[in-house]
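Enquirer: Just work.tsv, nothing more (TSV, C-alpha atoms and all ligand atoms):
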chain	number	residue	atom	x	y	z
A	120	MET	CA	-0.41	-20.86	-17.24
A	121	SER	CA	1.96	-23.84	-17.61
A	122	VAL	CA	4.00	-25.43	-14.81
A	123	ILE	CA	7.22	-24.03	-16.35
A	124	GLN	CA	5.79	-20.48	-16.36
A	125	ASP	CA	4.63	-20.93	-12.74
A	126	GLU	CA	8.16	-21.95	-11.71
A	127	LYS	CA	9.64	-18.80	-13.28
A	128	LEU	CA	7.10	-16.59	-11.51
A	129	THR	CA	7.77	-18.38	-8.21
A	130	ALA	CA	11.47	-17.55	-8.50
A	131	ILE	CA	10.79	-13.79	-8.55
A	132	THR	CA	10.74	-12.21	-5.10
A	133	VAL	CA	8.64	-9.40	-3.67
A	134	GLY	CA	11.89	-7.49	-3.01
A	135	GLU	CA	12.59	-7.35	-6.76
A	136	LEU	CA	9.17	-5.90	-7.57
A	137	MET	CA	8.35	-3.63	-4.63
A	138	ILE	CA	8.44	0.17	-4.60
A	139	PRO	CA	11.18	0.93	-2.02
A	140	SER	CA	10.23	2.83	1.13
A	141	GLU	CA	11.96	6.07	0.08
A	142	LYS	CA	9.61	6.35	-2.92
A	143	VAL	CA	6.41	5.56	-1.00
A	144	ALA	CA	4.18	8.37	0.26
A	145	HIS	CA	3.28	7.70	3.90
A	146	VAL	CA	1.84	9.32	7.01
A	147	GLN	CA	2.98	9.05	10.62
A	148	VAL	CA	0.82	7.68	13.37
A	149	ASN	CA	0.91	10.94	15.35
A	150	ASN	CA	0.05	13.23	12.43
A	151	PRO	CA	-3.24	15.17	12.68
A	152	LEU	CA	-5.86	13.97	10.17
A	153	GLU	CA	-5.53	17.34	8.45
A	154	HIS	CA	-1.94	16.53	7.49
A	155	ALA	CA	-2.86	12.96	6.47
A	156	LEU	CA	-5.63	14.20	4.16
A	157	LEU	CA	-3.21	16.73	2.66
A	158	VAL	CA	-0.68	13.93	1.89
A	159	LEU	CA	-3.40	11.77	0.33
A	160	VAL	CA	-4.82	14.58	-1.81
A	161	LYS	CA	-1.42	15.92	-2.89
A	162	SER	CA	0.02	12.46	-3.71
A	163	GLY	CA	-3.13	11.40	-5.54
A	164	TYR	CA	-3.26	7.99	-3.80
A	165	SER	CA	-6.44	6.58	-2.25
A	166	ALA	CA	-4.55	5.06	0.68
A	167	VAL	CA	-0.98	5.04	2.01
A	168	PRO	CA	1.00	3.20	4.71
A	169	VAL	CA	1.09	4.52	8.30
A	170	LEU	CA	4.46	4.37	10.09
A	171	ASP	CA	5.56	5.10	13.64
A	172	ALA	CA	8.42	7.44	14.57
A	173	SER	CA	10.98	4.63	14.14
A	174	TYR	CA	9.66	3.74	10.65
A	175	LYS	CA	7.92	0.57	11.77
A	176	LEU	CA	4.70	-0.25	9.94
A	177	VAL	CA	1.51	0.42	11.91
A	178	GLY	CA	-1.18	0.04	9.21
A	179	THR	CA	-2.79	1.92	6.33
A	180	LEU	CA	-5.02	4.96	6.00
A	181	GLY	CA	-7.29	5.99	3.13
A	182	LYS	CA	-9.28	9.06	2.10
A	183	THR	CA	-12.64	7.32	2.56
A	184	ILE	CA	-12.07	6.44	6.23
A	185	ILE	CA	-11.01	10.05	6.96
A	186	LEU	CA	-14.05	11.51	5.20
A	187	ASN	CA	-16.35	9.03	6.97
A	188	GLN	CA	-14.88	10.05	10.29
A	189	ILE	CA	-15.67	13.74	9.81
A	190	LEU	CA	-19.08	13.19	8.24
A	191	GLY	CA	-21.70	14.79	10.46
A	192	LEU	CA	-25.47	14.62	10.09
A	193	GLU	CA	-25.70	17.40	7.53
A	194	ARG	CA	-22.16	18.33	6.54
A	195	PHE	CA	-18.49	17.40	6.71
A	196	GLU	CA	-17.16	18.71	10.04
A	197	PHE	CA	-13.76	19.81	8.75
A	198	GLU	CA	-12.81	21.34	12.10
A	199	LYS	CA	-12.42	17.74	13.40
A	200	LEU	CA	-9.44	17.26	11.09
A	201	SER	CA	-7.11	19.19	13.35
A	202	ASP	CA	-8.43	17.61	16.58
A	203	MET	CA	-8.01	13.97	15.56
A	204	ARG	CA	-4.83	12.02	14.89
A	205	VAL	CA	-3.98	9.16	12.56
A	206	HIS	CA	-3.62	6.58	15.36
A	207	GLU	CA	-7.35	6.98	16.16
A	208	ILE	CA	-8.51	5.58	12.82
A	209	VAL	CA	-5.55	3.72	11.27
A	210	ASN	CA	-6.44	0.32	9.84
A	211	THR	CA	-4.11	-2.18	11.51
A	212	ASP	CA	-5.85	-5.29	10.19
A	213	ILE	CA	-3.74	-5.69	7.07
A	214	PRO	CA	-1.60	-8.42	5.52
A	215	CYS	CA	2.19	-7.94	5.16
A	216	LEU	CA	4.86	-9.65	3.13
A	217	SER	CA	8.62	-9.97	3.47
A	218	LYS	CA	11.07	-9.10	0.69
A	219	GLU	CA	11.88	-12.81	0.40
A	220	ALA	CA	8.25	-13.82	-0.32
A	221	SER	CA	7.53	-14.96	-3.88
A	222	LEU	CA	5.61	-13.14	-6.58
A	223	LEU	CA	2.86	-15.76	-6.22
A	224	ASP	CA	2.47	-14.93	-2.51
A	225	GLY	CA	2.10	-11.30	-3.58
A	226	LEU	CA	-0.39	-12.14	-6.29
A	227	HIS	CA	-2.63	-14.00	-3.81
A	228	ALA	CA	-2.47	-11.14	-1.28
A	229	LEU	CA	-3.23	-8.48	-3.91
A	230	ILE	CA	-6.55	-10.08	-4.87
A	231	ASN	CA	-8.17	-8.28	-1.92
A	232	TYR	CA	-5.91	-5.21	-1.56
A	233	PRO	CA	-4.58	-2.64	-4.07
A	234	PHE	CA	-1.17	-2.74	-2.35
A	235	ILE	CA	0.58	-4.86	0.27
A	236	CYS	CA	3.13	-3.48	2.72
A	237	VAL	CA	6.54	-5.13	2.88
A	238	THR	CA	8.38	-5.30	6.23
A	239	ASP	CA	11.46	-6.95	7.68
A	240	SER	CA	11.35	-9.47	10.53
A	241	ASP	CA	11.34	-6.63	13.12
A	242	GLY	CA	8.40	-4.86	11.49
A	243	TYR	CA	10.43	-2.07	9.88
A	244	PHE	CA	8.87	-0.77	6.67
A	245	ASP	CA	10.69	-1.82	3.46
A	246	GLY	CA	8.19	-0.71	0.80
A	247	ILE	CA	4.97	-1.73	-0.95
A	248	LEU	CA	3.99	-4.26	-3.58
A	249	THR	CA	1.31	-2.89	-5.92
A	250	ARG	CA	-1.12	-4.57	-8.29
A	251	ARG	CA	0.53	-2.61	-11.09
A	252	ALA	CA	3.97	-4.16	-10.40
A	253	ILE	CA	2.54	-7.70	-10.31
A	254	LEU	CA	0.49	-7.21	-13.49
A	255	LYS	CA	3.51	-5.81	-15.34
A	256	GLN	CA	5.63	-8.83	-14.35
A	257	VAL	CA	2.92	-11.35	-15.25
A	258	ARG	CA	2.50	-9.62	-18.63
A	259	LYS	CA	6.29	-9.74	-19.19
A	260	ASN	CA	6.41	-13.48	-18.39
A	261	PHE	CA	3.41	-14.14	-20.61
A	262	TYR	CA	5.02	-12.53	-23.66
A	263	THR	CA	8.46	-14.00	-22.95
A	264	ASN	CA	7.06	-17.51	-22.68
A	265	ASN	CA	4.83	-17.16	-25.73
A	266	THR	CA	7.50	-15.83	-28.08
A	267	ASN	CA	10.20	-18.44	-27.23
B	301	LIG	O1	0.46	9.23	-8.87
B	301	LIG	C1	0.25	8.22	-9.59
B	301	LIG	N1	1.19	7.86	-10.52
B	301	LIG	C2	1.00	6.72	-11.31
B	301	LIG	N2	1.95	6.39	-12.19
B	301	LIG	N3	-0.11	5.93	-11.22
B	301	LIG	C3	-1.06	6.27	-10.31
B	301	LIG	C4	-0.92	7.40	-9.47
B	301	LIG	N4	-2.01	7.43	-8.67
B	301	LIG	C5	-2.81	6.38	-9.01
B	301	LIG	N5	-2.24	5.69	-10.01
B	301	LIG	C6	-2.83	4.50	-10.69
B	301	LIG	C7	-1.96	3.29	-10.45
B	301	LIG	O2	-2.12	2.37	-11.52
B	301	LIG	O3	-4.13	4.22	-10.11
B	301	LIG	C8	-4.07	2.94	-9.44
B	301	LIG	C9	-4.86	3.01	-8.17
B	301	LIG	O4	-4.28	3.96	-7.28
B	301	LIG	P1	-4.71	4.03	-5.76
B	301	LIG	O5	-3.98	2.79	-5.05
B	301	LIG	O6	-6.19	3.76	-5.65
B	301	LIG	O7	-4.22	5.33	-5.22
B	301	LIG	C10	-2.58	2.69	-9.17
B	301	LIG	O8	-2.39	1.31	-9.05
B	301	LIG	P2	-1.06	0.72	-8.39
B	301	LIG	O9	0.15	1.37	-8.97
B	301	LIG	O10	-1.16	-0.79	-8.49
B	301	LIG	O11	-1.15	1.17	-6.85
B	301	LIG	C11	-2.03	0.53	-5.96
B	301	LIG	C12	-2.17	1.33	-4.70
B	301	LIG	O12	-0.90	1.39	-4.04
B	301	LIG	C13	-2.57	2.77	-4.94
B	301	LIG	C14	-2.03	3.45	-3.68
B	301	LIG	O13	-2.93	3.26	-2.58
B	301	LIG	C15	-0.76	2.64	-3.38
B	301	LIG	N6	0.43	3.28	-3.93
B	301	LIG	C16	0.99	3.07	-5.16
B	301	LIG	N7	2.13	3.76	-5.30
B	301	LIG	C17	2.34	4.42	-4.14
B	301	LIG	C18	1.26	4.12	-3.27
B	301	LIG	N8	1.15	4.63	-2.04
B	301	LIG	C19	2.14	5.47	-1.63
B	301	LIG	N9	3.21	5.81	-2.40
B	301	LIG	C20	3.37	5.31	-3.65
B	301	LIG	N10	4.43	5.66	-4.39
Can you dump the structure from the file as structure tokens?
Ligand code: 4BW
Expert:
Amino acid sequence: MSVIQDEKLTAITVGELMIPSEKVAHVQVNNPLEHALLVLVKSGYSAVPVLDASYKLVGTLGKTIILNQILGLERFEFEKLSDMRVHEIVNTDIPCLSKEASLLDGLHALINYPFICVTDSDGYFDGILTRRAILKQVRKNFYTNNTN
């Protein structure tokens, strides 16, 4: 990628590429795991953001961690799903970006995660940046710069 192409990519912000919060499936920190698994299965996503009651970001939760949690010695103990809540197993060790961050910041972060949560300076959830959105933009820049 040339320096000129890099500069164009750097000018694009995370805010321009993110999926806004109202279109993102999420679970709340006080939801029972039963509800969280229902959201994950129904939405079709492997993992989704976890928010508190004021819509601040708490972390992420995926199907695998829920299934691991209810895995007994010989069977899945599905009865645990209604006893446990999201806050008991939410993954809080995640990177975040602001809307003002550049596409390149997003690209670096997405190497290790399928999506990155976007928050404002007070921690309120703004949306997510996905690998799909970054790849689509990089593809667009590639073709634009190679046909001019
Ligand atoms: O329902 C889907 N619709 C579409 N159009 N594509 C989907 C759907 N479900 C999965 N996909 C595709 C996407 O290309 O499979 C990829 C992996 O999905 P994932 O991780 O393992 O569920 C998707 O790649 P992506 O768009 O780059 O999204 C990366 C991850 O971001 C997803 C999911 O964990 C999260 N995500 C994406 N859109 C979301 C969302 N989480 C909540 N709400 C959304 N709207």
Enquirer: How close does each residue of chain A get to ligand LIG 301 (chain B), giving the shortest atom pair and distance in Å to one decimal for every residue with an atom at most 8 Å away, counting only C-alpha atoms and all ligand atoms, sorted by chain and residue number, as CSV?
Expert:
residue,atom,partner,partner_atom,distance
A:Ile138,CA,B:LIG301,N10,6.8
A:Lys142,CA,B:LIG301,N10,5.4
A:Val143,CA,B:LIG301,N9,3.5
A:Ala144,CA,B:LIG301,N9,3.8
A:His145,CA,B:LIG301,C19,6.1
A:Ser162,CA,B:LIG301,O1,6.1
A:Gly163,CA,B:LIG301,N4,5.2
A:Tyr164,CA,B:LIG301,O7,3.2
A:Ser165,CA,B:LIG301,O7,3.9
A:Ala166,CA,B:LIG301,O13,4.1
A:Val167,CA,B:LIG301,N8,4.6
A:Pro168,CA,B:LIG301,C19,6.8
A:Gly181,CA,B:LIG301,O13,7.7
A:Pro233,CA,B:LIG301,C11,4.5
A:Phe234,CA,B:LIG301,O12,4.5
A:Ile235,CA,B:LIG301,O12,7.7
A:Ile247,CA,B:LIG301,C18,7.3
A:Leu248,CA,B:LIG301,O12,7.5
A:Thr249,CA,B:LIG301,O10,4.1
A:Arg250,CA,B:LIG301,O10,3.8
A:Arg251,CA,B:LIG301,O10,3.6
A:Ala252,CA,B:LIG301,O10,6.4
Enquirer: Need to verify the contact set: Val133 in chain A, 12 Å, only C-alpha atoms, exclusion of same-chain residues closer than 6 positions in sequence. Can you return it as an mmCIF file with C-alpha atoms, in the frame of the given file?
Expert:
data_model
loop_
_atom_site.group_PDB
_atom_site.id
_atom_site.type_symbol
_atom_site.label_atom_id
_atom_site.label_comp_id
_atom_site.auth_asym_id
_atom_site.auth_seq_id
_atom_site.Cartn_x
_atom_site.Cartn_y
_atom_site.Cartn_z
ATOM 1 C CA PRO A 139 11.180 0.930 -2.020
ATOM 2 C CA CYS A 215 2.190 -7.940 5.160
ATOM 3 C CA LEU A 216 4.860 -9.650 3.130
ATOM 4 C CA SER A 217 8.620 -9.970 3.470
ATOM 5 C CA LYS A 218 11.070 -9.100 0.690
ATOM 6 C CA GLU A 219 11.880 -12.810 0.400
ATOM 7 C CA ALA A 220 8.250 -13.820 -0.320
ATOM 8 C CA SER A 221 7.530 -14.960 -3.880
ATOM 9 C CA LEU A 222 5.610 -13.140 -6.580
ATOM 10 C CA LEU A 223 2.860 -15.760 -6.220
ATOM 11 C CA ASP A 224 2.470 -14.930 -2.510
ATOM 12 C CA GLY A 225 2.100 -11.300 -3.580
ATOM 13 C CA LEU A 226 -0.390 -12.140 -6.290
ATOM 14 C CA ALA A 228 -2.470 -11.140 -1.280
ATOM 15 C CA LEU A 229 -3.230 -8.480 -3.910
ATOM 16 C CA PHE A 234 -1.170 -2.740 -2.350
ATOM 17 C CA ILE A 235 0.580 -4.860 0.270
ATOM 18 C CA CYS A 236 3.130 -3.480 2.720
ATOM 19 C CA VAL A 237 6.540 -5.130 2.880
ATOM 20 C CA THR A 238 8.380 -5.300 6.230
ATOM 21 C CA ASP A 239 11.460 -6.950 7.680
ATOM 22 C CA ASP A 245 10.690 -1.820 3.460
ATOM 23 C CA GLY A 246 8.190 -0.710 0.800
ATOM 24 C CA ILE A 247 4.970 -1.730 -0.950
ATOM 25 C CA LEU A 248 3.990 -4.260 -3.580
ATOM 26 C CA THR A 249 1.310 -2.890 -5.920
ATOM 27 C CA ARG A 250 -1.120 -4.570 -8.290
ATOM 28 C CA ALA A 252 3.970 -4.160 -10.400
ATOM 29 C CA ILE A 253 2.540 -7.700 -10.310
ATOM 30 C CA GLN A 256 5.630 -8.830 -14.350
#
Enquirer: Using all atoms listed in the file, can you tell me which of A:Val148, A:Glu196, A:Leu254, A:Val158 comes closest to Asn210 in chain A?
Expert: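 The closest residue to Asn210 in chain A is A:Val148.
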Enquirer: Please indicate the distance in Å from CA of His154 in chain A to CA of Asp202 in chain A, rounded to one decimal place.
Expert: 11.2 Å
Enquirer: Which one is closest to Val169 in chain A: A:His206, A:Arg258, A:Lys127, A:His227? Count only C-alpha atoms.
Expert: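 Among the listed residues, A:His206 lies closest to Val169 in chain A.
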Enquirer: Any idea what the distance is between CA of Leu176 in chain A and CA of Ile131 in chain A?
Expert: 23.7 Å
Enquirer: Can you measure CA of Arg194 in chain A to CA of Asn150 in chain A for me? One decimal in Å is fine.
Expert: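 Calculated distance between CA of Arg194 in chain A and CA of Asn150 in chain A is 23.5 Å.
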Enquirer: Find, counting only C-alpha atoms, the residue in A:Phe197, A:Tyr243, A:Tyr232, A:Tyr262 that gets nearest to Pro214 in chain A.
Expert: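 Comparing A:Phe197, A:Tyr243, A:Tyr232, A:Tyr262 against Pro214 in chain A, the winner is A:Tyr232.
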Enquirer: Restricting the calculation to only C-alpha atoms: of A:Ile213, A:Leu152, A:Lys255, A:Leu192, which residue gets closest to Met137 in chain A?
Expert: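 Checking each candidate against Met137 in chain A, we get A:Lys255 as the closest.
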Enquirer: Which residue, A:Ser140, A:Asn187, A:Thr266, A:Asn231, has the smallest gap to Tyr174 in chain A when you use only C-alpha atoms?
Expert: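 Between A:Ser140, A:Asn187, A:Thr266, A:Asn231, the residue approaching Tyr174 in chain A most closely is A:Ser140.
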Enquirer: Find the residue from A:Leu180, A:Leu186, A:Val146, A:Ile230 that sits nearest to Ile208 in chain A; use all atoms listed in the file when measuring.
Expert: A:Leu180
Enquirer: Taking (3.6, 8.4, 15.2) in the file's coordinates as the center, which residues reach within 7 Å of it, counting all atoms listed in the file, put as a PyMOL selection string?
Expert: chain A and resi 147-150+170-172
Enquirer: Start from the incomplete input, build N, CA and C atoms for range 138-153 of chain A, and deliver everything as a PDB file, in the frame of the given file.
Expert:
ATOM      1  N   ILE A 138       8.007  -1.229  -4.586  1.00  0.00           N
ATOM      2  CA  ILE A 138       8.440   0.170  -4.600  1.00  0.00           C
ATOM      3  C   ILE A 138       9.160   0.388  -3.264  1.00  0.00           C
ATOM      4  N   PRO A 139      10.448   0.799  -3.286  1.00  0.00           N
ATOM      5  CA  PRO A 139      11.180   0.930  -2.020  1.00  0.00           C
ATOM      6  C   PRO A 139      10.641   2.059  -1.157  1.00  0.00           C
ATOM      7  N   SER A 140      10.841   1.914   0.151  1.00  0.00           N
ATOM      8  CA  SER A 140      10.230   2.830   1.130  1.00  0.00           C
ATOM      9  C   SER A 140      10.466   4.305   0.815  1.00  0.00           C
ATOM     10  N   GLU A 141      11.669   4.641   0.314  1.00  0.00           N
ATOM     11  CA  GLU A 141      11.960   6.070   0.080  1.00  0.00           C
ATOM     12  C   GLU A 141      11.107   6.686  -1.027  1.00  0.00           C
ATOM     13  N   LYS A 142      10.464   5.825  -1.851  1.00  0.00           N
ATOM     14  CA  LYS A 142       9.610   6.350  -2.920  1.00  0.00           C
ATOM     15  C   LYS A 142       8.116   6.235  -2.596  1.00  0.00           C
ATOM     16  N   VAL A 143       7.826   5.768  -1.379  1.00  0.00           N
ATOM     17  CA  VAL A 143       6.410   5.560  -1.000  1.00  0.00           C
ATOM     18  C   VAL A 143       5.919   6.725  -0.149  1.00  0.00           C
ATOM     19  N   ALA A 144       4.813   7.340  -0.566  1.00  0.00           N
ATOM     20  CA  ALA A 144       4.180   8.370   0.260  1.00  0.00           C
ATOM     21  C   ALA A 144       3.627   7.688   1.517  1.00  0.00           C
ATOM     22  N   HIS A 145       3.811   8.318   2.681  1.00  0.00           N
ATOM     23  CA  HIS A 145       3.280   7.700   3.900  1.00  0.00           C
ATOM     24  C   HIS A 145       2.861   8.792   4.882  1.00  0.00           C
ATOM     25  N   VAL A 146       2.138   8.396   5.920  1.00  0.00           N
ATOM     26  CA  VAL A 146       1.840   9.320   7.010  1.00  0.00           C
ATOM     27  C   VAL A 146       2.318   8.690   8.316  1.00  0.00           C
ATOM     28  N   GLN A 147       2.503   9.545   9.331  1.00  0.00           N
ATOM     29  CA  GLN A 147       2.980   9.050  10.620  1.00  0.00           C
ATOM     30  C   GLN A 147       1.793   8.967  11.578  1.00  0.00           C
ATOM     31  N   VAL A 148       1.926   8.033  12.491  1.00  0.00           N
ATOM     32  CA  VAL A 148       0.820   7.680  13.370  1.00  0.00           C
ATOM     33  C   VAL A 148       0.369   8.868  14.245  1.00  0.00           C
ATOM     34  N   ASN A 149       1.285   9.797  14.513  1.00  0.00           N
ATOM     35  CA  ASN A 149       0.910  10.940  15.350  1.00  0.00           C
ATOM     36  C   ASN A 149       0.481  12.189  14.572  1.00  0.00           C
ATOM     37  N   ASN A 150       0.478  12.084  13.247  1.00  0.00           N
ATOM     38  CA  ASN A 150       0.050  13.230  12.430  1.00  0.00           C
ATOM     39  C   ASN A 150      -1.430  13.551  12.679  1.00  0.00           C
ATOM     40  N   PRO A 151      -1.808  14.836  12.678  1.00  0.00           N
ATOM     41  CA  PRO A 151      -3.240  15.170  12.680  1.00  0.00           C
ATOM     42  C   PRO A 151      -3.877  14.706  11.361  1.00  0.00           C
ATOM     43  N   LEU A 152      -5.167  14.422  11.400  1.00  0.00           N
ATOM     44  CA  LEU A 152      -5.860  13.970  10.170  1.00  0.00           C
ATOM     45  C   LEU A 152      -5.758  15.007   9.057  1.00  0.00           C
ATOM     46  N   GLU A 153      -5.658  16.273   9.444  1.00  0.00           N
ATOM     47  CA  GLU A 153      -5.530  17.340   8.450  1.00  0.00           C
ATOM     48  C   GLU A 153      -4.289  17.113   7.576  1.00  0.00           C
TER      49      GLU A 153
END
